[in-house]
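Structure first, then comments.
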Amino acid sequence: MVLITGIILALAGAAYFWGRPMIEKRATMTDISTAESFMLELDRQITETSRSGGTKAVNIPRIPGASVKVNGSGNEILFRFISSQPMLGAGEEKASVPVETYDLDPVGPYGGSPRIIILESEPIDNSQFLMTLRLRYRPLETSGDSPKGYRIEIVDGGMNNMGAPSRVAVSYLGTATVPGQCCGIPPSGDGERLDTRINVTIS
């Protein structure tokens with residue numbers, strides 16, 4: 001009985017040792033899929049608010065180590081969480097992949113998608129990885145004799161909750177015309193850009 005018990009314990013330990021990475025990988029894949037769905041839904045609500053006005057909210061998924069931050073200087077929203085697996089095939093190096101994004105140009109044609117979503121993986125201490133999803137809005141420009149630019153501008157509305165955040169609220173702040181910001185990279189100064197301002201509050 002002692003021998004049989006020892007064999008069973010040894011087999012169980014071996015199974016756990018070899019199966020743990022697969023379990024962790026599957027859990028990380030689930031977290032990434034959940035995070036991507038959250039960012040895609042957030043983009044949908046921001047785009048709809050920029051067109052129709054009003055206020056909308058999206059619940060933040062419960063992922064270990066998750067945080068949401070507005071980067072006004074980059075006109076983007078960041079969603080970060082911790083993973084035990086790199087997942088992007090870069091090993092110990094930093095890597096990034098686009099998420100349902102097929103045009104990474106910093107300025108797009110009018111009628112194209114205004115947003116760019118990038119998933120990044122970066123190694124940190126204790127054999128863990130920092131996963132970052134970036135939702136960035138780029139300007140779109142028309143062509144012709146009188147070009148004009150359009151952009152969704154992300155405004156940092158701060159945090160309304162001192163505890164763990166549970167949702168992101170987006171609201172319409174109006175529009176502003178910015179002269180000399182269209183067209184070309186860098187802007188040539190010959191045209192103007194219409195910014196639709198969206199306030200993003202984490203609560």
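Please note that chains go A, B, ... in the order of the structure tokens, that every chain numbers its residues from 1, and that ligands are numbered from 1 in the order shown.
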- Any chance you could list, as a PyMOL selection string, the residues in region 41-203 of chain A that come up helix (DSSP H, G or I) when DSSP is run on the backbone? chain A and resi 41-52+72-74
Could you dump the residues just selected with N, CA and C atoms as a PDB file, in the first residue's frame?
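Generated output (result15.pdb):
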```
ATOM      1  N   GLU A  41     -14.809  46.583 -27.560  1.00  0.00           N
ATOM      2  CA  GLU A  41     -16.089  47.145 -27.130  1.00  0.00           C
ATOM      3  C   GLU A  41     -15.921  48.606 -26.720  1.00  0.00           C
ATOM      4  N   LEU A  42     -14.821  48.930 -26.049  1.00  0.00           N
ATOM      5  CA  LEU A  42     -14.559  50.311 -25.663  1.00  0.00           C
ATOM      6  C   LEU A  42     -14.419  51.195 -26.902  1.00  0.00           C
ATOM      7  N   ASP A  43     -13.722  50.695 -27.906  1.00  0.00           N
ATOM      8  CA  ASP A  43     -13.603  51.446 -29.160  1.00  0.00           C
ATOM      9  C   ASP A  43     -14.965  51.663 -29.809  1.00  0.00           C
ATOM     10  N   ARG A  44     -15.789  50.634 -29.785  1.00  0.00           N
ATOM     11  CA  ARG A  44     -17.122  50.760 -30.388  1.00  0.00           C
ATOM     12  C   ARG A  44     -17.945  51.837 -29.689  1.00  0.00           C
ATOM     13  N   GLN A  45     -17.863  51.878 -28.356  1.00  0.00           N
ATOM     14  CA  GLN A  45     -18.619  52.877 -27.612  1.00  0.00           C
ATOM     15  C   GLN A  45     -18.057  54.287 -27.828  1.00  0.00           C
ATOM     16  N   ILE A  46     -16.743  54.410 -27.917  1.00  0.00           N
ATOM     17  CA  ILE A  46     -16.135  55.719 -28.179  1.00  0.00           C
ATOM     18  C   ILE A  46     -16.531  56.221 -29.561  1.00  0.00           C
ATOM     19  N   THR A  47     -16.461  55.350 -30.553  1.00  0.00           N
ATOM     20  CA  THR A  47     -16.823  55.735 -31.917  1.00  0.00           C
ATOM     21  C   THR A  47     -18.288  56.135 -32.003  1.00  0.00           C
ATOM     22  N   GLU A  48     -19.161  55.360 -31.350  1.00  0.00           N
ATOM     23  CA  GLU A  48     -20.590  55.677 -31.365  1.00  0.00           C
ATOM     24  C   GLU A  48     -20.874  56.996 -30.650  1.00  0.00           C
ATOM     25  N   THR A  49     -20.179  57.233 -29.527  1.00  0.00           N
ATOM     26  CA  THR A  49     -20.363  58.487 -28.795  1.00  0.00           C
ATOM     27  C   THR A  49     -19.879  59.679 -29.611  1.00  0.00           C
ATOM     28  N   SER A  50     -18.795  59.500 -30.365  1.00  0.00           N
ATOM     29  CA  SER A  50     -18.289  60.596 -31.190  1.00  0.00           C
ATOM     30  C   SER A  50     -19.266  60.964 -32.298  1.00  0.00           C
ATOM     31  N   ARG A  51     -20.108  60.029 -32.697  1.00  0.00           N
ATOM     32  CA  ARG A  51     -21.072  60.277 -33.763  1.00  0.00           C
ATOM     33  C   ARG A  51     -22.409  60.785 -33.223  1.00  0.00           C
ATOM     34  N   SER A  52     -22.846  60.207 -32.110  1.00  0.00           N
ATOM     35  CA  SER A  52     -24.205  60.486 -31.634  1.00  0.00           C
ATOM     36  C   SER A  52     -24.254  61.279 -30.333  1.00  0.00           C
ATOM     37  N   GLY A  72      -3.091  60.898 -22.532  1.00  0.00           N
ATOM     38  CA  GLY A  72      -3.551  61.997 -23.367  1.00  0.00           C
ATOM     39  C   GLY A  72      -2.538  62.425 -24.406  1.00  0.00           C
ATOM     40  N   SER A  73      -1.258  62.400 -24.063  1.00  0.00           N
ATOM     41  CA  SER A  73      -0.232  62.839 -25.008  1.00  0.00           C
ATOM     42  C   SER A  73      -0.128  61.907 -26.210  1.00  0.00           C
ATOM     43  N   GLY A  74      -0.461  60.639 -26.005  1.00  0.00           N
ATOM     44  CA  GLY A  74      -0.432  59.679 -27.099  1.00  0.00           C
ATOM     45  C   GLY A  74      -1.790  59.449 -27.723  1.00  0.00           C
TER      46      GLY A  74
END
```
- Compile the contact shell of Ser166 (chain A) as a list in words: residues with an atom at most 12 Å away, counting only C-alpha atoms, same-chain residues fewer than 3 positions apart removed. Ala57, Val58, Asn59, Ile60, Pro61, Arg62, Ile63, Ala66, Ser67, Val68, Met159, Asn160, Asn161, Met162, Gly163, Ala169, Thr201, Ile202 and Ser203 of chain A
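Taking only C-alpha atoms into account, Asn71 (chain A) lies nearest to A:Leu135 out of the set A:Ile124, A:Ile118, A:Met29, A:Leu135.
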- Task: Please give the complete set of residues from region 97-181 of chain A that DSSP, run on the backbone, assigns to strand (DSSP E), formatted as a PyMOL selection string.
- Result: chain A and resi 97-98+108-109+115-123+129-137+140-141+149-159+167-181
Written selection (C-alpha atoms) as a PDB file, in the first residue's frame:
```pdb
ATOM      1  CA  VAL A  97       1.117  42.422 -32.584  1.00  0.00           C
ATOM      2  CA  PRO A  98      -1.853  44.323 -34.063  1.00  0.00           C
ATOM      3  CA  GLY A 108      -5.207  57.260 -42.440  1.00  0.00           C
ATOM      4  CA  PRO A 109      -7.465  58.081 -45.388  1.00  0.00           C
ATOM      5  CA  ARG A 115      -8.251  53.432 -34.323  1.00  0.00           C
ATOM      6  CA  ILE A 116      -5.175  51.256 -33.921  1.00  0.00           C
ATOM      7  CA  ILE A 117      -5.055  48.467 -31.328  1.00  0.00           C
ATOM      8  CA  ILE A 118      -1.705  46.909 -30.446  1.00  0.00           C
ATOM      9  CA  LEU A 119      -0.965  44.080 -27.984  1.00  0.00           C
ATOM     10  CA  GLU A 120       2.486  44.228 -26.378  1.00  0.00           C
ATOM     11  CA  SER A 121       4.316  41.717 -24.171  1.00  0.00           C
ATOM     12  CA  GLU A 122       7.260  42.787 -22.027  1.00  0.00           C
ATOM     13  CA  PRO A 123       9.219  40.637 -19.515  1.00  0.00           C
ATOM     14  CA  PHE A 129       5.195  39.370 -18.386  1.00  0.00           C
ATOM     15  CA  LEU A 130       3.446  42.718 -18.603  1.00  0.00           C
ATOM     16  CA  MET A 131       0.741  42.592 -21.267  1.00  0.00           C
ATOM     17  CA  THR A 132      -0.350  45.962 -22.635  1.00  0.00           C
ATOM     18  CA  LEU A 133      -3.199  46.696 -25.028  1.00  0.00           C
ATOM     19  CA  ARG A 134      -3.009  50.145 -26.654  1.00  0.00           C
ATOM     20  CA  LEU A 135      -6.130  51.702 -28.146  1.00  0.00           C
ATOM     21  CA  ARG A 136      -4.885  54.704 -30.134  1.00  0.00           C
ATOM     22  CA  TYR A 137      -6.812  57.120 -32.359  1.00  0.00           C
ATOM     23  CA  LEU A 140      -8.024  60.696 -40.961  1.00  0.00           C
ATOM     24  CA  GLU A 141      -7.516  63.037 -43.913  1.00  0.00           C
ATOM     25  CA  GLY A 149      -8.423  66.225 -41.248  1.00  0.00           C
ATOM     26  CA  TYR A 150     -10.631  64.512 -38.671  1.00  0.00           C
ATOM     27  CA  ARG A 151      -9.635  62.968 -35.360  1.00  0.00           C
ATOM     28  CA  ILE A 152     -11.149  61.514 -32.194  1.00  0.00           C
ATOM     29  CA  GLU A 153      -9.383  63.257 -29.315  1.00  0.00           C
ATOM     30  CA  ILE A 154      -9.130  61.344 -26.041  1.00  0.00           C
ATOM     31  CA  VAL A 155      -9.417  63.580 -22.964  1.00  0.00           C
ATOM     32  CA  ASP A 156      -8.293  62.256 -19.584  1.00  0.00           C
ATOM     33  CA  GLY A 157     -11.239  62.608 -17.204  1.00  0.00           C
ATOM     34  CA  GLY A 158      -9.309  61.139 -14.273  1.00  0.00           C
ATOM     35  CA  MET A 159     -10.523  58.562 -11.751  1.00  0.00           C
ATOM     36  CA  ARG A 167     -15.762  50.583 -15.459  1.00  0.00           C
ATOM     37  CA  VAL A 168     -14.733  53.130 -18.062  1.00  0.00           C
ATOM     38  CA  ALA A 169     -17.201  55.900 -18.928  1.00  0.00           C
ATOM     39  CA  VAL A 170     -16.942  57.897 -22.166  1.00  0.00           C
ATOM     40  CA  SER A 171     -18.825  61.124 -22.865  1.00  0.00           C
ATOM     41  CA  TYR A 172     -19.068  63.628 -25.705  1.00  0.00           C
ATOM     42  CA  LEU A 173     -17.402  67.002 -25.078  1.00  0.00           C
ATOM     43  CA  GLY A 174     -18.001  68.647 -28.432  1.00  0.00           C
ATOM     44  CA  THR A 175     -15.752  69.475 -31.364  1.00  0.00           C
ATOM     45  CA  ALA A 176     -12.865  71.853 -31.951  1.00  0.00           C
ATOM     46  CA  THR A 177     -11.284  73.046 -35.193  1.00  0.00           C
ATOM     47  CA  VAL A 178      -7.491  73.046 -35.123  1.00  0.00           C
ATOM     48  CA  PRO A 179      -5.897  75.129 -37.901  1.00  0.00           C
ATOM     49  CA  GLY A 180      -2.615  74.116 -39.462  1.00  0.00           C
ATOM     50  CA  GLN A 181      -2.941  70.423 -38.531  1.00  0.00           C
TER      51      GLN A 181
END
```
